[in-house]
Amino acid sequence: MAILISGSVAYDSVCSYGGRFDEMLLPDELSHLNLTFLADTLERYFGGCAGNIAWAMKAAGGSPRLLAMLGKDGAAYRDHLDKAGIDSRFVKDAPDEWTAQAFITTDSLGNQLTTFHAGAMDLLQVPDCEALSGVSAAHIAPGGLRSMASQGELYRKLGIPYVFDPGQATSQLSPAALTELSLGSMLICVSEYEEKLFADRTGLDRKKLVTPSRSLLVTRGGEGSVIYTEEREIRIPAVQPLRIADPVGAGDAYRGGLLRGLELGLPLETCGRIGSTIASFKLEAPGGQAYSPSLSDIAARYQMVWGTPYPG
């Protein structure tokens, strides 16, 4: 049985600027900016929430099935997925669009300027019967807004349990869409900030979201995460990496590990522990998919941290 992961796949171009943005800004001239930042470094990574989550789930020993859209420049990304053994049969090509891309510039203080072009991601993606064959659950990650809403409607109609992971779409989906997607899910995944924004936009706080059939995961960065069920609060400490190279994509890595646990039918606490372990490996590498620990590496760290054998 597979888990179908939908959402964005994107190229991330990351520049490092050695100065400070505020040194280039003239307060009286903000209405007509014309600035150039000379980058010291440029790196390009495979990214996008769905791509990152599928990568992490595969690393954890899982069998993710990816539903996404690539553009006319997507050949390198598809080759990357195929080499990793990720099921990309349902990653379609849009020959008239570019693959979604993020252009990120970071200054010496850690401030970021980001421009994002959705491109092929905004095309409607609804899984067909072949894509859903043998699927035990689905994960709706941030992607095209129409696609997210349509996927949730289809899964509810077919009785397919799904994880709702609104991410940056929390501020973009309508309150009605957020409400429908969340109330039809088996698990909602948000960060602390997203939980507050979600409640503000929908009126649904933690007490209303958590039911006997639906749980809530709130990630808290270096402080770990909490899974709220009707019976109890499950606190999952963050697994410390050997070093921190880049935090970008750590939340996606956590979700990929968690999905591996769900794929195996494990308790939510164990799922969270797998997620926290996989996220620690991601923190040690730049970009969202530049890490590739072996299963023996993952098992050793899991055993060391949690004191039990790795179940994945």
# chains A, B, ... in the order shown; residues from 1 in each chain; ligands from 1
>>> select_by_dssp(residues="segment 31-226 of chain A", states="helix (DSSP H, G or I)", output="number ranges by chain")
A: 31-32, 49-59, 75-84, 119-122, 129-132, 145-158, 167-171, 175-183, 192-202, 206-209, 221-223
>>> write_last_selection(atoms="C-alpha atoms", output="compact mmCIF listing (two decimals), in the first residue's frame")
# COMPACT_ATOMS: atom_id res chain seq x y z
CA SER A 31 7.97 53.86 -3.73
CA HIS A 32 10.27 53.26 -6.73
CA CYS A 49 6.89 20.79 -0.13
CA ALA A 50 5.59 17.61 -1.78
CA GLY A 51 9.00 16.82 -3.29
CA ASN A 52 10.72 17.32 0.06
CA ILE A 53 8.19 15.18 1.93
CA ALA A 54 8.40 12.35 -0.60
CA TRP A 55 12.22 12.49 -0.42
CA ALA A 56 12.14 12.18 3.38
CA MET A 57 9.60 9.37 3.37
CA LYS A 58 11.72 7.43 0.87
CA ALA A 59 14.82 7.99 3.01
CA ALA A 75 13.58 16.89 -16.90
CA ALA A 76 16.34 17.29 -14.31
CA TYR A 77 13.85 17.06 -11.44
CA ARG A 78 12.21 13.95 -12.87
CA ASP A 79 15.60 12.31 -13.32
CA HIS A 80 16.41 13.20 -9.69
CA LEU A 81 13.20 11.53 -8.46
CA ASP A 82 13.72 8.46 -10.60
CA LYS A 83 17.29 7.98 -9.38
CA ALA A 84 16.02 8.10 -5.80
CA GLY A 119 4.10 28.11 -12.97
CA ALA A 120 2.96 24.53 -13.55
CA MET A 121 2.03 24.14 -9.88
CA ASP A 122 -1.12 26.21 -10.40
CA CYS A 129 -8.20 5.84 -10.56
CA GLU A 130 -4.72 4.60 -11.46
CA ALA A 131 -3.04 7.09 -9.12
CA LEU A 132 -5.37 6.04 -6.28
CA LEU A 145 -5.05 26.19 -4.18
CA ARG A 146 -7.66 24.69 -6.55
CA SER A 147 -5.83 21.38 -6.46
CA MET A 148 -5.75 21.25 -2.66
CA ALA A 149 -9.48 21.88 -2.40
CA SER A 150 -10.36 19.42 -5.17
CA GLN A 151 -8.17 16.67 -3.73
CA GLY A 152 -9.76 17.00 -0.31
CA GLU A 153 -13.24 16.82 -1.83
CA LEU A 154 -12.32 13.67 -3.77
CA TYR A 155 -10.73 11.92 -0.78
CA ARG A 156 -13.75 12.65 1.39
CA LYS A 157 -16.07 11.30 -1.31
CA LEU A 158 -14.03 8.11 -1.69
CA GLY A 167 1.70 25.39 5.35
CA GLN A 168 2.08 28.69 3.52
CA ALA A 169 -1.36 28.14 1.95
CA THR A 170 -2.89 28.87 5.38
CA SER A 171 -2.94 32.55 4.43
CA PRO A 175 -11.60 30.26 5.29
CA ALA A 176 -14.27 27.97 3.83
CA ALA A 177 -11.67 25.81 2.04
CA LEU A 178 -9.47 25.65 5.14
CA THR A 179 -12.47 24.56 7.20
CA GLU A 180 -13.59 21.86 4.75
CA LEU A 181 -10.09 20.46 4.27
CA SER A 182 -9.36 20.35 7.99
CA LEU A 183 -12.67 18.89 9.17
CA GLU A 192 2.94 27.23 15.93
CA TYR A 193 2.46 30.35 13.80
CA GLU A 194 0.23 28.54 11.32
CA GLU A 195 -1.96 27.22 14.14
CA LYS A 196 -2.62 30.78 15.34
CA LEU A 197 -3.25 32.03 11.80
CA PHE A 198 -5.53 29.06 11.11
CA ALA A 199 -7.64 29.79 14.19
CA ASP A 200 -7.82 33.49 13.32
CA ARG A 201 -9.03 32.80 9.78
CA THR A 202 -11.47 29.95 10.48
CA ARG A 206 -7.37 23.34 18.99
CA LYS A 207 -10.39 22.23 21.01
CA LYS A 208 -12.60 22.25 17.91
CA LEU A 209 -10.08 20.55 15.64
CA GLY A 221 11.23 24.06 15.57
CA GLY A 222 14.08 23.34 17.95
CA GLU A 223 11.59 22.77 20.78
>>> residues_around(residues="Gly257 of chain A", least_positions_apart="2", cutoff="9 Å", atoms="only C-alpha atoms", output="list in words")
Ile53, Ala56, Met57, Lys58, Ala59, Ala60, Gly61, Gly62, Asp252, Ala253, Tyr254, Arg255, Leu259, Arg260, Gly261, Leu262, Cys271, Gly272, Arg273, Ile274, Gly275, Ser276, Thr277, Ile278, Ala279 and Gly312 of chain A
>>> closest_residue(among="A:Thr308, A:Ser13, A:Thr229, A:Thr106", to="Phe37 of chain A", atoms="only C-alpha atoms")
A:Thr106
>>> select_by_dssp(residues="segment 205-247 of chain A", states="strand (DSSP E)", output="count of residues only")
13
